[in-house]
$ cat coords-v3.csv   # CSV, C-alpha atoms
chain,number,residue,atom,x,y,z
L,1,MET,CA,0.0,0.0,0.0
L,2,LEU,CA,1.3,3.5,-0.9
L,3,SER,CA,0.5,4.8,2.6
L,4,SER,CA,3.1,2.5,4.0
L,5,VAL,CA,5.9,4.6,2.6
L,6,LEU,CA,4.5,7.8,4.2
L,7,PRO,CA,5.0,9.0,7.7
L,8,ASP,CA,2.2,9.2,10.2
L,9,PHE,CA,0.0,12.3,9.6
L,10,PRO,CA,1.6,14.7,12.1
L,11,TRP,CA,-1.5,16.4,13.5
L,12,ASP,CA,-3.0,13.0,14.5
L,13,LEU,CA,-0.1,12.8,17.0
L,14,LEU,CA,-1.3,16.0,18.6
L,15,GLU,CA,-4.7,14.5,19.8
L,16,PRO,CA,-3.6,13.8,23.4
L,17,ALA,CA,-2.3,17.3,23.8
L,18,LYS,CA,-5.4,18.7,22.2
L,19,ALA,CA,-7.6,16.9,24.7
L,20,ARG,CA,-5.4,18.2,27.5
L,21,ALA,CA,-5.7,21.8,26.3
L,22,ALA,CA,-9.5,21.4,25.7
L,23,ALA,CA,-9.9,20.6,29.4
L,24,HIS,CA,-9.1,24.2,30.3
L,25,PRO,CA,-12.1,25.9,32.0
L,26,ASP,CA,-12.1,28.7,29.4
L,27,GLY,CA,-11.6,26.3,26.5
L,28,ILE,CA,-8.8,25.6,24.1
L,29,VAL,CA,-6.8,28.2,22.2
L,30,ASP,CA,-5.6,26.3,19.1
L,31,LEU,CA,-2.5,27.8,17.7
L,32,SER,CA,-1.2,24.6,16.2
L,33,VAL,CA,-2.4,25.1,12.6
L,34,GLY,CA,-2.3,28.0,10.1
L,35,THR,CA,-6.0,27.9,9.2
L,36,PRO,CA,-7.4,31.3,8.6
L,37,VAL,CA,-10.4,32.2,10.9
L,38,ASP,CA,-11.3,35.7,9.6
L,39,PRO,CA,-14.0,36.4,7.0
L,40,VAL,CA,-13.5,36.2,3.2
L,41,SER,CA,-13.8,39.6,1.6
L,42,PRO,CA,-17.3,40.4,0.2
L,43,VAL,CA,-15.6,41.2,-3.1
L,44,ILE,CA,-14.3,37.7,-3.5
L,45,ARG,CA,-17.5,36.1,-2.2
L,46,GLN,CA,-19.6,38.0,-4.8
L,47,ALA,CA,-17.3,36.9,-7.6
L,48,LEU,CA,-17.7,33.3,-6.5
L,49,ALA,CA,-21.5,33.7,-6.3
L,50,ASP,CA,-21.7,35.4,-9.7
L,51,ALA,CA,-19.8,32.5,-11.3
L,52,SER,CA,-21.8,29.8,-9.6
L,53,ASP,CA,-23.9,28.9,-12.6
L,54,ALA,CA,-21.2,26.7,-14.1
L,55,PRO,CA,-22.6,23.6,-15.6
L,56,GLY,CA,-19.7,22.9,-18.0
L,57,TYR,CA,-16.2,21.6,-17.3
L,58,PRO,CA,-13.7,24.3,-16.4
L,59,GLN,CA,-10.3,24.8,-18.1
L,60,THR,CA,-7.4,23.1,-16.5
L,61,ALA,CA,-5.2,26.0,-17.8
L,62,GLY,CA,-7.5,28.5,-16.2
L,63,THR,CA,-9.6,31.0,-18.1
L,64,PRO,CA,-7.7,33.6,-20.2
L,65,ALA,CA,-8.8,36.2,-17.7
L,66,LEU,CA,-7.4,34.2,-14.8
L,67,ARG,CA,-4.1,33.6,-16.6
L,68,ALA,CA,-3.8,37.3,-17.3
L,69,ALA,CA,-4.6,38.1,-13.6
L,70,LEU,CA,-1.9,35.6,-12.4
L,71,ALA,CA,0.7,37.0,-14.8
L,72,GLN,CA,0.0,40.5,-13.8
L,73,TRP,CA,0.0,39.7,-10.1
L,74,ILE,CA,3.4,37.9,-10.4
L,75,ALA,CA,4.9,40.8,-12.3
L,76,ARG,CA,3.6,43.3,-9.8
L,77,SER,CA,4.2,41.4,-6.5
L,78,CYS,CA,7.2,39.3,-7.4
L,79,GLY,CA,9.2,41.8,-9.4
L,80,ALA,CA,9.2,39.6,-12.5
L,81,SER,CA,9.5,41.3,-15.9
L,82,GLY,CA,10.0,38.3,-18.2
L,83,GLU,CA,7.6,36.0,-20.1
L,84,LEU,CA,6.5,33.3,-17.7
L,85,GLY,CA,4.1,30.4,-17.7
L,86,VAL,CA,1.2,30.4,-15.1
L,87,LEU,CA,-1.2,27.7,-14.0
L,88,PRO,CA,-3.9,27.6,-11.3
L,89,THR,CA,-3.7,24.7,-8.8
L,90,ILE,CA,-6.0,23.1,-6.3
L,91,GLY,CA,-4.4,25.0,-3.4
L,92,SER,CA,-0.6,24.9,-3.0
L,93,LYS,CA,-0.4,21.7,-0.9
L,94,GLU,CA,-1.4,19.5,-3.8
L,95,MET,CA,1.4,21.0,-5.8
L,96,VAL,CA,3.9,20.5,-3.1
L,97,ALA,CA,2.7,16.8,-2.7
L,98,TRP,CA,2.6,16.0,-6.4
L,99,LEU,CA,5.1,18.1,-8.2
L,100,PRO,CA,8.0,15.6,-8.2
L,101,THR,CA,5.6,13.0,-9.6
L,102,LEU,CA,4.1,15.4,-12.2
L,103,LEU,CA,7.6,16.2,-13.4
L,104,GLY,CA,8.6,12.6,-13.8
L,105,LEU,CA,11.0,12.2,-10.9
L,106,GLY,CA,11.3,8.7,-9.4
L,107,ALA,CA,13.6,6.0,-8.0
L,108,GLY,CA,17.3,7.0,-8.1
L,109,ASP,CA,16.5,10.8,-8.2
L,110,LYS,CA,17.2,13.1,-5.3
L,111,VAL,CA,15.2,16.1,-4.1
L,112,VAL,CA,16.8,18.6,-1.7
L,113,ILE,CA,14.4,20.0,0.9
L,114,PRO,CA,15.0,22.5,3.7
L,115,LEU,CA,16.6,21.2,6.9
L,116,VAL,CA,13.5,22.4,8.8
L,117,CYS,CA,10.3,22.4,6.7
L,118,TYR,CA,6.7,21.7,6.1
L,119,PRO,CA,6.3,17.9,6.2
L,120,THR,CA,4.6,17.7,2.8
L,121,TYR,CA,7.9,18.4,1.0
L,122,GLU,CA,9.2,15.0,2.1
L,123,VAL,CA,5.8,13.4,1.5
L,124,GLY,CA,5.8,14.5,-2.1
L,125,VAL,CA,9.3,13.1,-2.6
L,126,ARG,CA,8.3,9.8,-1.2
L,127,LEU,CA,5.1,9.6,-3.3
L,128,SER,CA,7.3,9.9,-6.4
L,129,GLY,CA,9.7,7.2,-5.3
L,130,ALA,CA,12.7,9.7,-5.2
L,131,THR,CA,14.9,10.3,-2.2
L,132,ALA,CA,14.7,13.4,0.0
L,133,VAL,CA,17.9,15.1,1.2
L,134,ARG,CA,17.5,17.6,4.0
L,135,SER,CA,20.0,20.5,3.6
L,136,ASP,CA,20.2,24.3,3.7
L,137,SER,CA,23.7,24.2,2.2
L,138,LEU,CA,24.0,23.1,-1.4
L,139,THR,CA,27.8,23.1,-0.9
L,140,ALA,CA,27.2,20.2,1.6
L,141,VAL,CA,25.1,18.4,-1.0
L,142,GLY,CA,28.1,18.4,-3.3
L,143,PRO,CA,28.2,17.6,-7.0
L,144,ASP,CA,25.6,14.8,-6.9
L,145,SER,CA,24.2,14.4,-10.4
L,146,ARG,CA,21.2,12.6,-9.1
L,147,VAL,CA,19.8,15.9,-7.6
L,148,ARG,CA,16.8,16.7,-9.9
L,149,MET,CA,14.9,19.2,-7.8
L,150,VAL,CA,15.6,21.7,-5.0
L,151,TRP,CA,12.8,23.0,-2.8
L,152,ILE,CA,13.2,26.3,-1.1
L,153,ASN,CA,10.7,28.0,1.2
L,154,SER,CA,10.9,31.7,1.9
L,155,PRO,CA,9.3,33.0,4.0
L,156,SER,CA,9.7,29.7,5.8
L,157,ASN,CA,7.0,27.5,7.3
L,158,PRO,CA,7.6,27.0,10.2
L,159,THR,CA,10.5,29.3,11.0
L,160,GLY,CA,9.5,32.6,9.3
L,161,ARG,CA,13.0,32.9,7.9
L,162,VAL,CA,13.5,35.0,4.8
L,163,LEU,CA,16.1,34.1,2.2
L,164,PRO,CA,18.0,37.1,0.8
L,165,VAL,CA,18.5,37.8,-2.9
L,166,GLU,CA,22.1,36.7,-2.9
L,167,HIS,CA,21.1,33.3,-1.5
L,168,LEU,CA,18.3,32.8,-4.0
L,169,ARG,CA,20.6,33.7,-6.8
L,170,LYS,CA,23.2,31.2,-5.7
L,171,VAL,CA,20.6,28.4,-5.4
L,172,VAL,CA,19.4,29.1,-9.0
L,173,ALA,CA,23.0,29.2,-10.4
L,174,TRP,CA,23.9,25.9,-8.5
L,175,ALA,CA,20.8,24.1,-9.9
L,176,ARG,CA,21.3,25.3,-13.4
L,177,GLU,CA,24.9,24.1,-13.5
L,178,ARG,CA,23.5,20.6,-12.7
L,179,GLY,CA,20.3,20.7,-14.8
L,180,ALA,CA,18.1,20.6,-11.6
L,181,ILE,CA,14.8,22.4,-11.1
L,182,VAL,CA,14.4,25.1,-8.4
L,183,VAL,CA,11.0,25.3,-6.8
L,184,SER,CA,10.2,28.1,-4.3
L,185,ASP,CA,7.2,27.8,-2.0
L,186,GLU,CA,6.2,31.5,-1.5
L,187,CYS,CA,2.8,31.2,0.1
L,188,TYR,CA,3.7,33.7,2.8
L,189,LEU,CA,5.3,36.3,0.5
L,190,SER,CA,2.8,39.0,1.3
L,191,LEU,CA,3.4,38.6,5.1
L,192,GLY,CA,6.8,40.2,5.7
L,193,TRP,CA,7.1,41.9,9.1
L,194,GLU,CA,10.7,42.7,9.9
L,195,THR,CA,12.1,42.2,6.4
L,196,GLN,CA,10.6,42.2,2.9
L,197,PRO,CA,10.5,38.7,1.3
L,198,VAL,CA,11.9,38.3,-2.2
L,199,SER,CA,10.4,35.9,-4.8
L,200,VAL,CA,12.7,33.6,-6.7
L,201,LEU,CA,11.1,35.1,-9.8
L,202,ASP,CA,12.4,38.6,-8.9
L,203,ASP,CA,14.6,40.1,-11.7
L,204,ARG,CA,17.4,40.5,-9.1
L,205,VAL,CA,17.5,36.7,-8.9
L,206,THR,CA,16.8,35.5,-12.4
L,207,GLY,CA,17.2,38.5,-14.6
L,208,GLY,CA,13.9,37.6,-16.3
L,209,ASP,CA,15.1,34.2,-17.3
L,210,TYR,CA,12.9,31.5,-15.6
L,211,THR,CA,14.6,28.5,-17.1
L,212,GLY,CA,14.4,25.6,-14.6
L,213,VAL,CA,12.6,27.9,-12.0
L,214,LEU,CA,9.1,27.7,-10.5
L,215,ALA,CA,7.3,29.6,-7.8
L,216,VAL,CA,4.3,28.1,-5.9
L,217,HIS,CA,1.8,30.6,-4.5
L,218,SER,CA,-1.5,30.4,-2.5
L,219,LEU,CA,-4.4,32.6,-1.7
L,220,SER,CA,-5.1,30.7,1.5
L,221,LYS,CA,-3.1,33.0,3.7
L,222,ARG,CA,-3.2,36.2,1.7
L,223,SER,CA,-6.9,36.2,1.1
L,224,ASN,CA,-8.3,33.7,3.7
L,225,LEU,CA,-9.2,31.3,0.9
L,226,ALA,CA,-8.0,28.1,2.4
L,227,GLY,CA,-11.5,26.7,2.0
L,228,TYR,CA,-11.5,27.6,-1.7
L,229,ARG,CA,-8.4,25.6,-2.5
L,230,ALA,CA,-7.0,28.4,-4.7
L,231,GLY,CA,-3.3,28.3,-5.6
L,232,PHE,CA,-1.1,28.7,-8.6
L,233,VAL,CA,2.4,28.1,-10.0
L,234,GLY,CA,4.4,30.4,-12.2
L,235,GLY,CA,7.8,30.4,-13.9
L,236,ASP,CA,9.5,28.4,-16.6
L,237,PRO,CA,7.0,28.2,-19.5
L,238,ALA,CA,8.3,24.8,-20.6
L,239,LEU,CA,7.8,23.3,-17.2
L,240,VAL,CA,4.4,24.9,-16.8
L,241,ARG,CA,3.4,23.4,-20.2
L,242,GLU,CA,4.5,20.0,-19.0
L,243,LEU,CA,2.5,20.4,-15.8
L,244,LEU,CA,-0.6,21.4,-17.8
L,245,ALA,CA,-0.2,18.4,-20.1
L,246,VAL,CA,-0.1,15.9,-17.2
L,247,ARG,CA,-2.8,17.7,-15.2
L,248,LYS,CA,-5.2,17.6,-18.1
L,249,HIS,CA,-5.0,13.8,-18.1
L,250,ALA,CA,-5.3,13.6,-14.3
L,251,GLY,CA,-8.4,15.9,-14.0
L,252,MET,CA,-6.5,18.3,-11.6
L,253,ILE,CA,-8.8,21.3,-12.3
L,254,VAL,CA,-9.6,24.3,-10.3
L,255,PRO,CA,-13.5,24.7,-10.3
L,256,ALA,CA,-14.8,27.5,-12.4
L,257,PRO,CA,-16.4,29.6,-9.6
L,258,VAL,CA,-13.1,29.4,-7.7
L,259,GLN,CA,-11.2,30.6,-10.8
L,260,ALA,CA,-13.5,33.7,-10.9
L,261,ALA,CA,-13.0,34.3,-7.2
L,262,MET,CA,-9.2,34.1,-7.7
L,263,ILE,CA,-9.4,36.9,-10.3
L,264,ALA,CA,-11.2,39.1,-7.8
L,265,ALA,CA,-8.7,38.3,-5.0
L,266,LEU,CA,-5.7,39.0,-7.1
L,267,GLY,CA,-7.1,42.3,-8.2
L,268,ASP,CA,-7.9,43.7,-4.8
L,269,GLU,CA,-5.2,44.7,-2.2
L,270,GLU,CA,-7.6,46.4,0.3
L,271,HIS,CA,-8.6,43.1,1.9
L,272,VAL,CA,-4.9,42.0,2.0
L,273,THR,CA,-4.0,45.2,3.9
L,274,ALA,CA,-6.8,44.7,6.3
L,275,GLN,CA,-5.8,41.1,7.0
L,276,ARG,CA,-2.2,42.1,7.5
L,277,SER,CA,-3.2,44.6,10.2
L,278,ARG,CA,-5.1,41.9,12.0
L,279,TYR,CA,-2.2,39.5,12.0
L,280,ALA,CA,0.3,42.2,12.9
L,281,ALA,CA,-1.7,43.0,16.1
L,282,ARG,CA,-2.0,39.4,17.1
L,283,ARG,CA,1.7,38.8,16.4
L,284,GLU,CA,2.7,41.7,18.7
L,285,GLN,CA,0.5,40.5,21.5
L,286,LEU,CA,1.7,36.9,21.3
L,287,ARG,CA,5.3,37.7,20.9
L,288,THR,CA,5.3,40.0,23.9
L,289,ALA,CA,3.5,37.3,26.0
L,290,LEU,CA,5.8,34.5,24.9
L,291,THR,CA,9.0,36.3,25.5
L,292,GLY,CA,7.6,37.4,28.9
L,293,ALA,CA,7.0,33.8,29.7
L,294,GLY,CA,10.6,32.9,29.0
L,295,PHE,CA,10.4,31.8,25.4
L,296,GLU,CA,13.0,32.7,22.8
L,297,ILE,CA,11.7,33.7,19.4
L,298,THR,CA,13.9,32.7,16.5
L,299,HIS,CA,13.7,34.1,12.9
L,300,SER,CA,9.9,34.8,12.6
L,301,GLU,CA,10.6,37.9,10.6
L,302,ALA,CA,7.8,36.9,8.2
L,303,GLY,CA,4.8,34.6,7.8
L,304,LEU,CA,2.1,33.5,10.2
L,305,TYR,CA,4.1,31.8,13.0
L,306,LEU,CA,6.3,32.6,15.9
L,307,TRP,CA,9.1,30.0,16.0
L,308,SER,CA,9.5,29.6,19.8
L,309,SER,CA,11.7,27.7,22.2
L,310,ARG,CA,12.1,27.1,25.9
L,311,GLY,CA,15.3,25.2,25.3
L,312,GLU,CA,13.7,21.8,25.8
L,313,ASP,CA,12.2,18.9,23.9
L,314,SER,CA,9.4,20.3,21.7
L,315,TRP,CA,6.9,17.8,23.1
L,316,LYS,CA,7.6,18.9,26.6
L,317,THR,CA,6.9,22.5,25.6
L,318,VAL,CA,3.7,21.3,23.9
L,319,ASP,CA,2.6,19.8,27.2
L,320,TRP,CA,3.5,22.9,29.1
L,321,LEU,CA,1.3,25.0,26.8
L,322,ALA,CA,-1.5,22.4,26.8
L,323,ASP,CA,-1.6,22.7,30.6
L,324,ARG,CA,-2.6,26.3,30.0
L,325,GLY,CA,-5.1,25.4,27.4
L,326,ILE,CA,-2.9,26.4,24.5
L,327,LEU,CA,-2.2,24.0,21.6
L,328,ALA,CA,1.0,24.5,19.6
L,329,ALA,CA,2.7,22.4,16.9
L,330,PRO,CA,5.9,20.6,18.0
L,331,GLY,CA,9.1,21.3,16.1
L,332,ALA,CA,9.5,17.5,15.8
L,333,PHE,CA,6.9,17.7,12.9
L,334,TYR,CA,9.4,19.8,10.8
L,335,GLY,CA,12.6,17.8,11.0
L,336,PRO,CA,15.2,16.5,13.5
L,337,ALA,CA,16.9,19.9,13.6
L,338,ALA,CA,13.7,21.5,15.0
L,339,GLU,CA,13.2,19.4,18.1
L,340,GLN,CA,13.6,22.2,20.6
L,341,HIS,CA,11.0,24.6,19.1
L,342,VAL,CA,7.3,24.9,18.8
L,343,ARG,CA,5.3,26.7,16.1
L,344,ILE,CA,2.8,29.2,17.4
L,345,ALA,CA,0.3,30.3,14.8
L,346,LEU,CA,-1.3,33.8,14.5
L,347,THR,CA,-4.4,32.3,13.0
L,348,ALA,CA,-6.9,32.6,15.9
L,349,THR,CA,-9.6,35.2,16.7
L,350,ASP,CA,-8.7,38.3,18.6
L,351,GLU,CA,-10.7,36.9,21.6
L,352,ARG,CA,-8.7,33.6,21.6
L,353,VAL,CA,-5.4,35.4,21.2
L,354,ALA,CA,-6.3,37.6,24.2
L,355,ALA,CA,-7.1,34.4,26.1
L,356,ALA,CA,-3.7,32.9,25.3
L,357,VAL,CA,-1.9,36.1,26.3
L,358,ALA,CA,-3.7,36.1,29.6
L,359,ARG,CA,-2.7,32.5,30.3
L,360,LEU,CA,1.0,33.2,29.5
L,361,ILE,CA,1.3,36.2,31.8
$ encode --input "coords-v3.csv" --output "structure tokens"
Amino acid sequence: MLSSVLPDFPWDLLEPAKARAAAHPDGIVDLSVGTPVDPVSPVIRQALADASDAPGYPQTAGTPALRAALAQWIARSCGASGELGVLPTIGSKEMVAWLPTLLGLGAGDKVVIPLVCYPTYEVGVRLSGATAVRSDSLTAVGPDSRVRMVWINSPSNPTGRVLPVEHLRKVVAWARERGAIVVSDECYLSLGWETQPVSVLDDRVTGGDYTGVLAVHSLSKRSNLAGYRAGFVGGDPALVRELLAVRKHAGMIVPAPVQAAMIAALGDEEHVTAQRSRYAARREQLRTALTGAGFEITHSEAGLYLWSSRGEDSWKTVDWLADRGILAAPGAFYGPAAEQHVRIALTATDERVAAAVARLI
């Protein structure tokens, strides 16, 4: 069975701590997942409703209007001036999980993933039959000709670390010398706090040449569209054409009403600014409370999480927080190098964040 090659689903392992936190007299404050809780913009909801009479099959490639909106958004938000391919996806997680398979990687191939990262990168490599190599240093990887793909994630989930232009440029150059593909997960690009995140498609990185380079994006965090499953990929036109050819056969299609909603979301920045303000306020409150309670916050200069440590095993910290009715994700979910951290999400209501703060004081 295919599931036998996959790890346990991480969040299933949190159930005992979740039950412990839920026993708090004032209820649980769940900061373990990055699931948006705030309303979807009326502009987006109206676009979805207006497109709901959709009896026919949608286009796998996306409508011409959606493709234009994607290209314009990438040019504007990612600093990309060249001609690139774009393709809507069913959220970004399916792209992370299936990209190695869709691009034909398999047994004998290697995929470099970040040392500390979202578990689905490794899952996607395992699904394809390739081998995952955890490393933040391509020098350490060496001249291995079996490396076919390099995943980078900036801003990082879970650490909030942002990779500078110079680092991105070196990764692209390293991969091109070896004929490998660079894929950058940029779902948190619009959520920079202490520094401005840079896309791998930025002209300062690629000079407008996207050969062998893809960027994965999502509207889940930017626009609260996690329930819509609205993502997209942009970059090397040849690679995008290959993805389209395979996805047409596999029926991996974004529903037509969601495509219309994506156009509305990409064309409106007002709702993004409002949501950023909400997250900024929650971030400041939680950061102050955590540091006051003895936590050290590492990186966390962007994204939706505070990468926090009490200098102990992450499961011990999870239990400490659960005793106070707060649920966090243990660093152990994100790789062996993360075992003394927990990930604290900003995605809770103002009322629940205030409750967490009160419990940490």
$ atom_distance --input "coords-v3.csv" --atom1 "CA of Gly142 in chain L" --atom2 "CA of Arg126 in chain L"
21.7 Å
$ atom_distance --input "coords-v3.csv" --atom1 "CA of Ala329 in chain L" --atom2 "CA of Gly129 in chain L"
27.8 Å
$ closest_residue --input "coords-v3.csv" --among "L:Phe333, L:Ile253, L:Leu225, L:Met262" --to "Asp12 in chain L" --atoms "all atoms listed in the file"
L:Phe333
$ closest_residue --input "coords-v3.csv" --among "L:Val258, L:Ala132, L:Ala356, L:Cys78" --to "Val205 in chain L" --atoms "only C-alpha atoms"
L:Cys78
$ residues_near_point --input "coords-v3.csv" --point "(1.1, 25.3, -9.4)" --cutoff "12 Å" --atoms "only C-alpha atoms" --output "JSON, numbers by chain"
{"L": [60, 61, 62, 70, 85, 86, 87, 88, 89, 90, 91, 92, 93, 94, 95, 96, 97, 98, 99, 100, 102, 103, 183, 184, 185, 186, 187, 214, 215, 216, 217, 218, 219, 229, 230, 231, 232, 233, 234, 235, 236, 239, 240, 241, 242, 243, 244, 247, 252, 253, 254]}
$ closest_atom_pairs --input "coords-v3.csv" --of "range 180-235 of chain L" --to "range 282-295 of chain L" --cutoff "12 Å" --atoms "all atoms listed in the file" --output "JSON lines"
{"residue": "L:Leu191", "atom": "CA", "partner": "L:Arg283", "partner_atom": "CA", "distance": 11.4}
{"residue": "L:Gly192", "atom": "CA", "partner": "L:Arg283", "partner_atom": "CA", "distance": 11.9}
{"residue": "L:Trp193", "atom": "CA", "partner": "L:Arg283", "partner_atom": "CA", "distance": 9.6}
{"residue": "L:Glu194", "atom": "CA", "partner": "L:Arg283", "partner_atom": "CA", "distance": 11.8}
$ closest_residue --input "coords-v3.csv" --among "L:Asn157, L:Pro257, L:Leu327, L:Val111" --to "Val123 in chain L" --atoms "all atoms listed in the file"
L:Val111
$ atom_distance --input "coords-v3.csv" --atom1 "CA of Arg359 in chain L" --atom2 "CA of Pro10 in chain L"
25.8 Å
$ closest_residue --input "coords-v3.csv" --among "L:Ile263, L:Gly325, L:Thr63, L:Ala130" --to "Ala22 in chain L" --atoms "all atoms listed in the file"
L:Gly325
$ residues_around --input "coords-v3.csv" --residues "Phe9 in chain L" --least-positions-apart "5" --cutoff "12 Å" --atoms "only C-alpha atoms" --output "CSV table (one decimal) with C-alpha atoms, in the frame of the given file"
chain,number,residue,atom,x,y,z
L,3,SER,CA,0.5,4.8,2.6
L,4,SER,CA,3.1,2.5,4.0
L,14,LEU,CA,-1.3,16.0,18.6
L,15,GLU,CA,-4.7,14.5,19.8
L,119,PRO,CA,6.3,17.9,6.2
L,120,THR,CA,4.6,17.7,2.8
L,123,VAL,CA,5.8,13.4,1.5
L,333,PHE,CA,6.9,17.7,12.9
$ closest_residue --input "coords-v3.csv" --among "L:Val5, L:Ala17, L:Ile297, L:Ile44" --to "Gly160 in chain L" --atoms "all atoms listed in the file"
L:Ile297
$ residues_around --input "coords-v3.csv" --residues "range 300-313 of chain L" --least-positions-apart "2" --cutoff "7 Å" --atoms "all atoms listed in the file" --output "list in words"
Pro155, Pro158, Thr159, Gly160, Arg161, Val162, Tyr188, Leu191, Gly192, Trp193, Glu194, Thr195, Gly294, Phe295, Glu296, Ile297, Thr298, Trp315, Lys316, Thr317, Glu339, Gln340, His341, Val342, Arg343, Ile344, Ala345 and Leu346 of chain L
$ closest_residue --input "coords-v3.csv" --among "L:Ala107, L:Ala265, L:Ala175, L:Leu163" --to "Val200 in chain L" --atoms "all atoms listed in the file"
L:Leu163
